[in-house]
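Engineer: Sharing start.txt, compact mmCIF, C-alpha atoms:
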# COMPACT_ATOMS: atom_id res chain seq x y z
CA MET A 299 -1.50 -57.98 68.52
CA SER A 300 0.18 -59.44 65.44
CA LEU A 301 -0.26 -61.99 62.68
CA ARG A 302 1.25 -65.48 62.85
CA SER A 303 3.69 -66.84 60.28
CA ALA A 304 1.77 -70.14 60.23
CA PRO A 305 -1.90 -70.67 61.06
CA ALA A 306 -2.92 -71.94 64.48
CA PRO A 307 -4.05 -75.58 64.38
CA VAL A 308 -7.82 -75.91 64.05
CA GLN A 309 -9.23 -76.53 67.52
CA THR A 310 -11.77 -79.28 67.92
CA PRO A 311 -14.03 -78.03 70.70
CA ALA A 312 -14.29 -80.34 73.69
CA ALA A 313 -17.75 -81.68 74.47
CA ASP A 314 -18.08 -79.39 77.48
CA ASP A 315 -17.16 -76.21 75.57
CA HIS A 316 -19.94 -73.69 75.27
CA ALA A 317 -19.19 -72.66 71.69
CA GLY A 318 -22.57 -71.02 71.30
CA GLU A 319 -21.89 -68.70 74.19
CA ILE A 320 -18.75 -67.04 72.84
CA SER A 321 -19.12 -63.26 72.96
CA PRO A 322 -19.50 -61.62 69.54
CA PHE A 323 -16.70 -59.37 70.65
CA CYS A 324 -13.22 -60.74 70.18
CA PRO A 325 -10.08 -58.58 70.07
CA ARG A 326 -8.55 -60.79 67.35
CA PHE A 327 -11.60 -60.31 65.13
CA GLN A 328 -11.51 -56.58 65.83
CA TYR A 329 -7.83 -56.40 64.92
CA ALA A 330 -8.33 -58.40 61.70
CA ILE A 331 -11.34 -56.49 60.37
CA GLU A 332 -9.77 -53.11 61.07
CA LEU A 333 -6.50 -54.19 59.48
CA ILE A 334 -8.27 -55.27 56.28
CA GLY A 335 -10.27 -52.04 56.24
CA ARG A 336 -7.35 -49.64 56.56
CA ARG A 337 -7.14 -47.14 53.72
CA TRP A 338 -5.71 -48.77 50.53
CA ILE A 339 -4.83 -52.06 52.24
CA GLY A 340 -7.66 -53.97 50.54
CA ALA A 341 -6.75 -52.61 47.11
CA ILE A 342 -3.07 -53.52 47.55
CA LEU A 343 -3.94 -57.03 48.73
CA ARG A 344 -6.16 -57.39 45.68
CA VAL A 345 -3.42 -56.35 43.28
CA LEU A 346 -0.92 -58.73 44.91
CA GLY A 347 -3.54 -61.48 44.91
CA ALA A 348 -2.86 -61.77 41.17
CA GLY A 349 0.82 -62.53 41.88
CA PRO A 350 4.06 -60.80 42.94
CA ALA A 351 4.42 -57.25 41.63
CA ARG A 352 6.89 -54.39 41.57
CA PHE A 353 6.27 -51.06 43.23
CA ASN A 354 5.32 -49.29 39.99
CA GLU A 355 2.98 -52.07 38.92
CA ILE A 356 1.03 -51.71 42.16
CA LEU A 357 1.02 -47.92 41.82
CA THR A 358 -0.34 -48.08 38.26
CA ALA A 359 -3.09 -50.52 39.25
CA ILE A 360 -4.50 -48.22 41.94
CA PRO A 361 -5.48 -44.77 40.66
CA GLY A 362 -5.41 -42.12 43.36
CA LEU A 363 -2.72 -43.82 45.45
CA SER A 364 0.43 -41.71 45.78
CA ASP A 365 4.07 -42.90 45.83
CA ARG A 366 4.45 -41.84 49.43
CA LEU A 367 1.28 -43.59 50.61
CA LEU A 368 2.11 -46.80 48.76
CA THR A 369 5.56 -46.85 50.41
CA GLU A 370 3.94 -46.38 53.81
CA ARG A 371 1.29 -49.02 53.22
CA LEU A 372 3.78 -51.60 51.93
CA ARG A 373 5.98 -51.09 55.01
CA GLU A 374 2.91 -51.51 57.17
CA LEU A 375 1.94 -54.71 55.33
CA GLU A 376 5.50 -56.04 55.72
CA ARG A 377 5.50 -55.22 59.42
CA GLU A 378 2.14 -56.95 59.87
CA GLY A 379 3.41 -60.05 58.06
CA LEU A 380 1.06 -59.81 55.08
CA VAL A 381 3.66 -58.97 52.42
CA THR A 382 7.28 -59.96 51.83
CA ARG A 383 9.70 -57.76 49.95
CA THR A 384 12.34 -59.52 47.82
CA VAL A 385 15.38 -57.79 46.39
CA ALA A 386 16.84 -59.69 43.43
CA GLN A 387 20.60 -59.28 42.96
CA GLU A 388 20.43 -57.83 39.48
CA ARG A 389 21.45 -54.54 37.94
CA PRO A 390 19.30 -52.49 38.17
CA VAL A 391 18.10 -53.97 41.47
CA ARG A 392 14.69 -55.61 41.10
CA VAL A 393 12.36 -55.35 44.10
CA THR A 394 9.15 -57.37 44.20
CA TYR A 395 6.34 -57.57 46.72
CA GLU A 396 4.46 -60.78 47.37
CA LEU A 397 1.68 -61.97 49.67
CA THR A 398 2.62 -64.21 52.61
CA ASP A 399 0.64 -67.43 53.28
CA CYS A 400 -1.30 -65.49 55.87
CA ALA A 401 -2.39 -62.85 53.33
CA ARG A 402 -3.07 -65.47 50.67
CA SER A 403 -5.49 -67.15 53.04
CA LEU A 404 -7.42 -63.85 53.00
CA SER A 405 -7.96 -63.93 49.23
CA ALA A 406 -11.35 -65.64 49.30
CA ILE A 407 -12.59 -63.06 51.82
CA ILE A 408 -11.29 -60.16 49.72
CA CYS A 409 -13.08 -61.67 46.68
CA SER A 410 -16.36 -62.02 48.60
CA ILE A 411 -16.15 -58.37 49.64
CA ALA A 412 -15.62 -57.40 45.99
CA THR A 413 -18.64 -59.47 44.91
CA TRP A 414 -20.77 -58.04 47.71
CA SER A 415 -19.76 -54.48 46.75
CA GLU A 416 -20.78 -55.09 43.12
CA ARG A 417 -24.25 -56.06 44.29
CA TRP A 418 -24.81 -53.57 47.08
CA VAL A 419 -22.76 -50.41 46.53
CA GLU A 420 -24.05 -47.87 44.04
CA MET B 272 -21.21 -43.59 47.28
CA SER B 273 -23.98 -45.41 49.16
CA LEU B 274 -25.55 -48.81 49.71
CA ARG B 275 -28.61 -50.02 47.82
CA SER B 276 -31.85 -51.03 49.52
CA ALA B 277 -32.03 -54.08 47.22
CA PRO B 278 -29.14 -55.88 45.52
CA ALA B 279 -28.29 -55.16 41.91
CA PRO B 280 -29.33 -58.03 39.63
CA VAL B 281 -26.45 -60.46 38.96
CA GLN B 282 -24.93 -59.56 35.59
CA THR B 283 -24.20 -62.37 33.19
CA PRO B 284 -21.12 -61.19 31.32
CA ALA B 285 -21.53 -60.98 27.55
CA ALA B 286 -19.20 -63.22 25.52
CA ASP B 287 -17.12 -60.21 24.46
CA ASP B 288 -16.59 -58.92 28.01
CA HIS B 289 -13.02 -59.05 29.20
CA ALA B 290 -13.79 -60.09 32.76
CA GLY B 291 -10.20 -61.12 33.40
CA GLU B 292 -8.98 -57.63 32.58
CA ILE B 293 -10.97 -55.74 35.20
CA SER B 294 -8.64 -53.55 37.24
CA PRO B 295 -8.16 -54.77 40.82
CA PHE B 296 -9.05 -51.25 41.82
CA CYS B 297 -12.74 -50.50 42.05
CA PRO B 298 -14.19 -47.58 44.03
CA ARG B 299 -17.14 -49.72 45.12
CA PHE B 300 -14.83 -52.38 46.57
CA GLN B 301 -12.78 -49.65 48.24
CA TYR B 302 -15.88 -48.15 49.79
CA ALA B 303 -17.16 -51.52 51.01
CA ILE B 304 -13.94 -52.75 52.60
CA GLU B 305 -13.27 -49.46 54.35
CA LEU B 306 -16.87 -49.31 55.60
CA ILE B 307 -16.60 -52.80 57.12
CA GLY B 308 -13.25 -51.94 58.66
CA ARG B 309 -14.32 -48.75 60.41
CA ARG B 310 -13.73 -48.80 64.17
CA TRP B 311 -16.41 -50.94 65.98
CA ILE B 312 -18.54 -51.44 62.87
CA GLY B 313 -17.57 -55.12 62.49
CA ALA B 314 -18.27 -55.84 66.15
CA ILE B 315 -21.69 -54.16 66.01
CA LEU B 316 -22.61 -56.04 62.82
CA ARG B 317 -21.57 -59.25 64.56
CA VAL B 318 -23.76 -58.59 67.59
CA LEU B 319 -26.75 -57.72 65.41
CA GLY B 320 -26.05 -60.79 63.25
CA ALA B 321 -27.52 -62.81 66.13
CA GLY B 322 -30.81 -60.90 65.87
CA PRO B 323 -32.35 -57.50 66.70
CA ALA B 324 -31.01 -55.94 69.89
CA ARG B 325 -31.54 -52.94 72.12
CA PHE B 326 -28.92 -50.27 72.69
CA ASN B 327 -27.84 -51.62 76.07
CA GLU B 328 -27.61 -55.18 74.80
CA ILE B 329 -25.16 -54.08 72.10
CA LEU B 330 -23.21 -52.00 74.60
CA THR B 331 -22.86 -54.94 77.02
CA ALA B 332 -21.70 -57.28 74.26
CA ILE B 333 -18.79 -55.05 73.24
CA PRO B 334 -16.40 -54.25 76.11
CA GLY B 335 -14.53 -51.00 75.59
CA LEU B 336 -17.23 -49.35 73.47
CA SER B 337 -18.64 -46.22 75.09
CA ASP B 338 -22.24 -44.96 75.05
CA ARG B 339 -21.28 -41.98 72.95
CA LEU B 340 -19.38 -44.02 70.37
CA LEU B 341 -22.14 -46.62 70.06
CA THR B 342 -24.68 -43.85 69.44
CA GLU B 343 -22.43 -42.39 66.74
CA ARG B 344 -21.77 -45.75 65.11
CA LEU B 345 -25.43 -46.75 65.08
CA ARG B 346 -26.37 -43.43 63.41
CA GLU B 347 -23.65 -44.04 60.87
CA LEU B 348 -24.92 -47.59 60.21
CA GLU B 349 -28.47 -46.25 59.84
CA ARG B 350 -27.31 -43.57 57.41
CA GLU B 351 -25.38 -46.14 55.39
CA GLY B 352 -28.43 -48.40 55.22
CA LEU B 353 -26.96 -51.28 57.23
CA VAL B 354 -29.17 -50.96 60.30
CA THR B 355 -32.80 -50.00 60.90
CA ARG B 356 -34.01 -48.49 64.16
CA THR B 357 -37.49 -49.40 65.29
CA VAL B 358 -39.37 -47.59 68.02
CA ALA B 359 -42.16 -49.70 69.51
CA GLN B 360 -45.14 -47.76 70.85
CA GLU B 361 -44.91 -49.04 74.38
CA ARG B 362 -44.33 -47.43 77.75
CA PRO B 363 -41.41 -47.19 78.33
CA VAL B 364 -40.55 -46.75 74.67
CA ARG B 365 -38.68 -49.80 73.31
CA VAL B 366 -36.05 -49.09 70.66
CA THR B 367 -34.46 -51.97 68.75
CA TYR B 368 -31.76 -52.10 66.12
CA GLU B 369 -31.79 -54.65 63.32
CA LEU B 370 -29.68 -55.47 60.28
CA THR B 371 -31.07 -54.58 56.85
CA ASP B 372 -31.01 -57.18 54.02
CA CYS B 373 -27.87 -55.52 52.77
CA ALA B 374 -26.07 -56.00 56.10
CA ARG B 375 -27.43 -59.53 56.50
CA SER B 376 -25.86 -60.44 53.17
CA LEU B 377 -22.52 -59.48 54.76
CA SER B 378 -22.87 -62.05 57.55
CA ALA B 379 -20.97 -64.84 55.82
CA ILE B 380 -18.08 -62.45 55.13
CA ILE B 381 -18.02 -61.26 58.75
CA CYS B 382 -17.95 -64.91 59.88
CA SER B 383 -15.06 -65.74 57.52
CA ILE B 384 -13.08 -62.81 58.92
CA ALA B 385 -13.74 -64.12 62.45
CA THR B 386 -12.56 -67.61 61.46
CA TRP B 387 -9.50 -66.21 59.71
CA SER B 388 -8.61 -64.11 62.76
CA GLU B 389 -8.84 -67.16 65.03
CA ARG B 390 -6.25 -68.93 62.88
CA TRP B 391 -3.93 -66.06 62.06
CA VAL B 392 -4.04 -63.39 64.76
CA GLU B 393 -2.10 -64.01 67.97
Rewrite the structure of this file - the entire thing - as structure tokens.

Structural biologist:
Amino acid sequence: MSLRSAPAPVQTPAADDHAGEISPFCPRFQYAIELIGRRWIGAILRVLGAGPARFNEILTAIPGLSDRLLTERLRELEREGLVTRTVAQERPVRVTYELTDCARSLSAIICSIATWSERWVE
Amino acid sequence: MSLRSAPAPVQTPAADDHAGEISPFCPRFQYAIELIGRRWIGAILRVLGAGPARFNEILTAIPGLSDRLLTERLRELEREGLVTRTVAQERPVRVTYELTDCARSLSAIICSIATWSERWVE
């Protein structure tokens, strides 16, 4: 399973669709919720939600996250299509990480989880 | 870290608070997003979002989830304060699982993740 580079068009259900009968289980939902919940992924998406950032800026923003783990997680996010990595032709080389449209469309969800956690996690 | 039985009151920030400067990293957010993303947790919350259900009803709604894993996950959800288990004094004994207020307040988030996955996961 993988993420799209552009969203699927919104489907208008036909009159004879039984929308109410869709099973609560859906592999795409399962994939999405477990992707978002992977260790450090949410925190990285939150940092990049504020705009493109360099490796060290992300590292500084997330206490407890090691160099090695951040490298791993960023590669994973690139592979999944949530982050793009841009290398600017400067000296020294400047590498920035940025959310894709797909990841940006997750921002409101990430914010709601943050708000929920402020109210419910102690 | 654990979930509350009632939500924290909404804080009105004082004029001298620097709300914009809050670090994107927050252990409560981290805890919440990783809790939601744990294997099968989202699917179980989605099934129970439709109303209280018995063990076998949950099991039937989620293909691929085994007896043993559902038992484990439900205990975990009980421990975390997301699900309550009620034993009705009937013969045979009737056990139902139900979302707590805390979990119910997650429903909109769970729905947004489902909608997002329909558009972006292929």

Engineer: Least-squares superpose chain B onto chain A - every C-alpha atom, paired in order - and show me the moved coordinates as a PDB file with C-alpha atoms, in the frame of the given file.

Structural biologist:
ATOM      1  CA  MET B 272      -1.496 -57.969  68.543  1.00  0.00           C
ATOM      2  CA  SER B 273       0.183 -59.431  65.450  1.00  0.00           C
ATOM      3  CA  LEU B 274      -0.229 -61.998  62.699  1.00  0.00           C
ATOM      4  CA  ARG B 275       1.277 -65.477  62.857  1.00  0.00           C
ATOM      5  CA  SER B 276       3.739 -66.806  60.292  1.00  0.00           C
ATOM      6  CA  ALA B 277       1.812 -70.109  60.250  1.00  0.00           C
ATOM      7  CA  PRO B 278      -1.858 -70.667  61.084  1.00  0.00           C
ATOM      8  CA  ALA B 279      -2.880 -71.917  64.500  1.00  0.00           C
ATOM      9  CA  PRO B 280      -3.999 -75.557  64.379  1.00  0.00           C
ATOM     10  CA  VAL B 281      -7.796 -75.892  64.033  1.00  0.00           C
ATOM     11  CA  GLN B 282      -9.227 -76.534  67.500  1.00  0.00           C
ATOM     12  CA  THR B 283     -11.794 -79.267  67.857  1.00  0.00           C
ATOM     13  CA  PRO B 284     -14.067 -78.022  70.625  1.00  0.00           C
ATOM     14  CA  ALA B 285     -14.354 -80.345  73.615  1.00  0.00           C
ATOM     15  CA  ALA B 286     -17.863 -81.663  74.336  1.00  0.00           C
ATOM     16  CA  ASP B 287     -18.179 -79.363  77.356  1.00  0.00           C
ATOM     17  CA  ASP B 288     -17.234 -76.198  75.449  1.00  0.00           C
ATOM     18  CA  HIS B 289     -20.010 -73.672  75.146  1.00  0.00           C
ATOM     19  CA  ALA B 290     -19.234 -72.603  71.596  1.00  0.00           C
ATOM     20  CA  GLY B 291     -22.614 -70.937  71.194  1.00  0.00           C
ATOM     21  CA  GLU B 292     -21.919 -68.661  74.140  1.00  0.00           C
ATOM     22  CA  ILE B 293     -18.762 -67.025  72.818  1.00  0.00           C
ATOM     23  CA  SER B 294     -19.115 -63.252  72.978  1.00  0.00           C
ATOM     24  CA  PRO B 295     -19.460 -61.615  69.553  1.00  0.00           C
ATOM     25  CA  PHE B 296     -16.656 -59.366  70.678  1.00  0.00           C
ATOM     26  CA  CYS B 297     -13.174 -60.740  70.214  1.00  0.00           C
ATOM     27  CA  PRO B 298     -10.037 -58.572  70.108  1.00  0.00           C
ATOM     28  CA  ARG B 299      -8.535 -60.791  67.408  1.00  0.00           C
ATOM     29  CA  PHE B 300     -11.571 -60.313  65.156  1.00  0.00           C
ATOM     30  CA  GLN B 301     -11.478 -56.581  65.870  1.00  0.00           C
ATOM     31  CA  TYR B 302      -7.823 -56.405  64.934  1.00  0.00           C
ATOM     32  CA  ALA B 303      -8.326 -58.403  61.735  1.00  0.00           C
ATOM     33  CA  ILE B 304     -11.322 -56.492  60.399  1.00  0.00           C
ATOM     34  CA  GLU B 305      -9.779 -53.108  61.109  1.00  0.00           C
ATOM     35  CA  LEU B 306      -6.490 -54.193  59.511  1.00  0.00           C
ATOM     36  CA  ILE B 307      -8.275 -55.261  56.311  1.00  0.00           C
ATOM     37  CA  GLY B 308     -10.274 -52.046  56.277  1.00  0.00           C
ATOM     38  CA  ARG B 309      -7.351 -49.649  56.585  1.00  0.00           C
ATOM     39  CA  ARG B 310      -7.129 -47.139  53.733  1.00  0.00           C
ATOM     40  CA  TRP B 311      -5.708 -48.788  50.523  1.00  0.00           C
ATOM     41  CA  ILE B 312      -4.829 -52.065  52.238  1.00  0.00           C
ATOM     42  CA  GLY B 313      -7.663 -54.001  50.550  1.00  0.00           C
ATOM     43  CA  ALA B 314      -6.754 -52.642  47.125  1.00  0.00           C
ATOM     44  CA  ILE B 315      -3.071 -53.528  47.553  1.00  0.00           C
ATOM     45  CA  LEU B 316      -3.938 -57.044  48.753  1.00  0.00           C
ATOM     46  CA  ARG B 317      -6.165 -57.403  45.699  1.00  0.00           C
ATOM     47  CA  VAL B 318      -3.418 -56.374  43.289  1.00  0.00           C
ATOM     48  CA  LEU B 319      -0.919 -58.730  44.918  1.00  0.00           C
ATOM     49  CA  GLY B 320      -3.553 -61.494  44.929  1.00  0.00           C
ATOM     50  CA  ALA B 321      -2.856 -61.793  41.192  1.00  0.00           C
ATOM     51  CA  GLY B 322       0.820 -62.542  41.877  1.00  0.00           C
ATOM     52  CA  PRO B 323       4.062 -60.813  42.936  1.00  0.00           C
ATOM     53  CA  ALA B 324       4.413 -57.267  41.629  1.00  0.00           C
ATOM     54  CA  ARG B 325       6.884 -54.413  41.556  1.00  0.00           C
ATOM     55  CA  PHE B 326       6.261 -51.066  43.207  1.00  0.00           C
ATOM     56  CA  ASN B 327       5.313 -49.306  39.979  1.00  0.00           C
ATOM     57  CA  GLU B 328       2.978 -52.090  38.911  1.00  0.00           C
ATOM     58  CA  ILE B 329       1.019 -51.720  42.156  1.00  0.00           C
ATOM     59  CA  LEU B 330       1.011 -47.943  41.816  1.00  0.00           C
ATOM     60  CA  THR B 331      -0.371 -48.103  38.254  1.00  0.00           C
ATOM     61  CA  ALA B 332      -3.112 -50.536  39.256  1.00  0.00           C
ATOM     62  CA  ILE B 333      -4.519 -48.242  41.947  1.00  0.00           C
ATOM     63  CA  PRO B 334      -5.500 -44.786  40.648  1.00  0.00           C
ATOM     64  CA  GLY B 335      -5.410 -42.133  43.346  1.00  0.00           C
ATOM     65  CA  LEU B 336      -2.722 -43.826  45.447  1.00  0.00           C
ATOM     66  CA  SER B 337       0.423 -41.723  45.754  1.00  0.00           C
ATOM     67  CA  ASP B 338       4.051 -42.900  45.821  1.00  0.00           C
ATOM     68  CA  ARG B 339       4.438 -41.830  49.415  1.00  0.00           C
ATOM     69  CA  LEU B 340       1.282 -43.581  50.600  1.00  0.00           C
ATOM     70  CA  LEU B 341       2.109 -46.807  48.759  1.00  0.00           C
ATOM     71  CA  THR B 342       5.555 -46.849  50.382  1.00  0.00           C
ATOM     72  CA  GLU B 343       3.952 -46.368  53.800  1.00  0.00           C
ATOM     73  CA  ARG B 344       1.300 -49.015  53.217  1.00  0.00           C
ATOM     74  CA  LEU B 345       3.775 -51.585  51.927  1.00  0.00           C
ATOM     75  CA  ARG B 346       5.991 -51.065  55.011  1.00  0.00           C
ATOM     76  CA  GLU B 347       2.930 -51.491  57.172  1.00  0.00           C
ATOM     77  CA  LEU B 348       1.955 -54.706  55.337  1.00  0.00           C
ATOM     78  CA  GLU B 349       5.520 -56.003  55.719  1.00  0.00           C
ATOM     79  CA  ARG B 350       5.518 -55.204  59.433  1.00  0.00           C
ATOM     80  CA  GLU B 351       2.164 -56.928  59.872  1.00  0.00           C
ATOM     81  CA  GLY B 352       3.438 -60.019  58.067  1.00  0.00           C
ATOM     82  CA  LEU B 353       1.086 -59.789  55.081  1.00  0.00           C
ATOM     83  CA  VAL B 354       3.677 -58.954  52.435  1.00  0.00           C
ATOM     84  CA  THR B 355       7.294 -59.949  51.818  1.00  0.00           C
ATOM     85  CA  ARG B 356       9.732 -57.749  49.924  1.00  0.00           C
ATOM     86  CA  THR B 357      12.334 -59.482  47.816  1.00  0.00           C
ATOM     87  CA  VAL B 358      15.380 -57.770  46.382  1.00  0.00           C
ATOM     88  CA  ALA B 359      16.844 -59.650  43.419  1.00  0.00           C
ATOM     89  CA  GLN B 360      20.593 -59.268  42.931  1.00  0.00           C
ATOM     90  CA  GLU B 361      20.412 -57.830  39.460  1.00  0.00           C
ATOM     91  CA  ARG B 362      21.451 -54.551  37.892  1.00  0.00           C
ATOM     92  CA  PRO B 363      19.288 -52.508  38.157  1.00  0.00           C
ATOM     93  CA  VAL B 364      18.099 -53.952  41.448  1.00  0.00           C
ATOM     94  CA  ARG B 365      14.668 -55.608  41.075  1.00  0.00           C
ATOM     95  CA  VAL B 366      12.363 -55.348  44.086  1.00  0.00           C
ATOM     96  CA  THR B 367       9.146 -57.376  44.188  1.00  0.00           C
ATOM     97  CA  TYR B 368       6.340 -57.575  46.700  1.00  0.00           C
ATOM     98  CA  GLU B 369       4.458 -60.792  47.374  1.00  0.00           C
ATOM     99  CA  LEU B 370       1.690 -61.966  49.682  1.00  0.00           C
ATOM    100  CA  THR B 371       2.638 -64.198  52.615  1.00  0.00           C
ATOM    101  CA  ASP B 372       0.650 -67.415  53.301  1.00  0.00           C
ATOM    102  CA  CYS B 373      -1.295 -65.480  55.880  1.00  0.00           C
ATOM    103  CA  ALA B 374      -2.382 -62.841  53.348  1.00  0.00           C
ATOM    104  CA  ARG B 375      -3.065 -65.464  50.679  1.00  0.00           C
ATOM    105  CA  SER B 376      -5.493 -67.151  53.053  1.00  0.00           C
ATOM    106  CA  LEU B 377      -7.421 -63.851  53.037  1.00  0.00           C
ATOM    107  CA  SER B 378      -7.957 -63.940  49.266  1.00  0.00           C
ATOM    108  CA  ALA B 379     -11.346 -65.642  49.343  1.00  0.00           C
ATOM    109  CA  ILE B 380     -12.587 -63.066  51.866  1.00  0.00           C
ATOM    110  CA  ILE B 381     -11.294 -60.171  49.752  1.00  0.00           C
ATOM    111  CA  CYS B 382     -13.076 -61.673  46.723  1.00  0.00           C
ATOM    112  CA  SER B 383     -16.359 -62.035  48.647  1.00  0.00           C
ATOM    113  CA  ILE B 384     -16.154 -58.379  49.676  1.00  0.00           C
ATOM    114  CA  ALA B 385     -15.619 -57.432  46.012  1.00  0.00           C
ATOM    115  CA  THR B 386     -18.643 -59.503  44.954  1.00  0.00           C
ATOM    116  CA  TRP B 387     -20.759 -58.063  47.753  1.00  0.00           C
ATOM    117  CA  SER B 388     -19.777 -54.513  46.787  1.00  0.00           C
ATOM    118  CA  GLU B 389     -20.769 -55.137  43.163  1.00  0.00           C
ATOM    119  CA  ARG B 390     -24.265 -56.103  44.307  1.00  0.00           C
ATOM    120  CA  TRP B 391     -24.806 -53.617  47.104  1.00  0.00           C
ATOM    121  CA  VAL B 392     -22.765 -50.461  46.551  1.00  0.00           C
ATOM    122  CA  GLU B 393     -24.065 -47.903  44.057  1.00  0.00           C
TER     123      GLU B 393
END

Engineer: Just give me the gap between CA of Val391 in chain A and CA of Ser403 in chain A in Å, one decimal is fine.

Structural biologist: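 For CA of Val391 in chain A relative to CA of Ser403 in chain A, the distance reads 29.4 Å.
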
Engineer: Using only C-alpha atoms, determine which residues of chain A fall within 6 Å of chain B; present them as a PDB file with C-alpha atoms, in the frame of the given file.

Structural biologist:
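Saved as iface_5.pdb:
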ATOM      1  CA  SER A 300       0.180 -59.440  65.440  1.00  0.00           C
ATOM      2  CA  LEU A 301      -0.260 -61.990  62.680  1.00  0.00           C
ATOM      3  CA  ARG A 302       1.250 -65.480  62.850  1.00  0.00           C
ATOM      4  CA  PRO A 305      -1.900 -70.670  61.060  1.00  0.00           C
ATOM      5  CA  ALA A 306      -2.920 -71.940  64.480  1.00  0.00           C
ATOM      6  CA  PRO A 322     -19.500 -61.620  69.540  1.00  0.00           C
ATOM      7  CA  PHE A 323     -16.700 -59.370  70.650  1.00  0.00           C
ATOM      8  CA  ARG A 326      -8.550 -60.790  67.350  1.00  0.00           C
ATOM      9  CA  PHE A 327     -11.600 -60.310  65.130  1.00  0.00           C
ATOM     10  CA  ALA A 330      -8.330 -58.400  61.700  1.00  0.00           C
ATOM     11  CA  ILE A 331     -11.340 -56.490  60.370  1.00  0.00           C
ATOM     12  CA  GLU A 332      -9.770 -53.110  61.070  1.00  0.00           C
ATOM     13  CA  GLY A 335     -10.270 -52.040  56.240  1.00  0.00           C
ATOM     14  CA  ALA A 341      -6.750 -52.610  47.110  1.00  0.00           C
ATOM     15  CA  ARG A 344      -6.160 -57.390  45.680  1.00  0.00           C
ATOM     16  CA  VAL A 345      -3.420 -56.350  43.280  1.00  0.00           C
ATOM     17  CA  ILE A 360      -4.500 -48.220  41.940  1.00  0.00           C
ATOM     18  CA  ALA A 412     -15.620 -57.400  45.990  1.00  0.00           C
ATOM     19  CA  SER A 415     -19.760 -54.480  46.750  1.00  0.00           C
ATOM     20  CA  ARG A 417     -24.250 -56.060  44.290  1.00  0.00           C
ATOM     21  CA  TRP A 418     -24.810 -53.570  47.080  1.00  0.00           C
ATOM     22  CA  VAL A 419     -22.760 -50.410  46.530  1.00  0.00           C
ATOM     23  CA  GLU A 420     -24.050 -47.870  44.040  1.00  0.00           C
TER      24      GLU A 420
END

Engineer: Report, in Å to a single decimal, how far apart CA of Gln387 in chain A and CA of Leu367 in chain A are.

Structural biologist: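 Interatomic distance here is 26.0 Å.
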
Engineer: Quick one, how far is CA of Leu380 in chain A from CA of Leu397 in chain A?

Structural biologist: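 CA of Leu397 in chain A lies 5.9 Å from CA of Leu380 in chain A.
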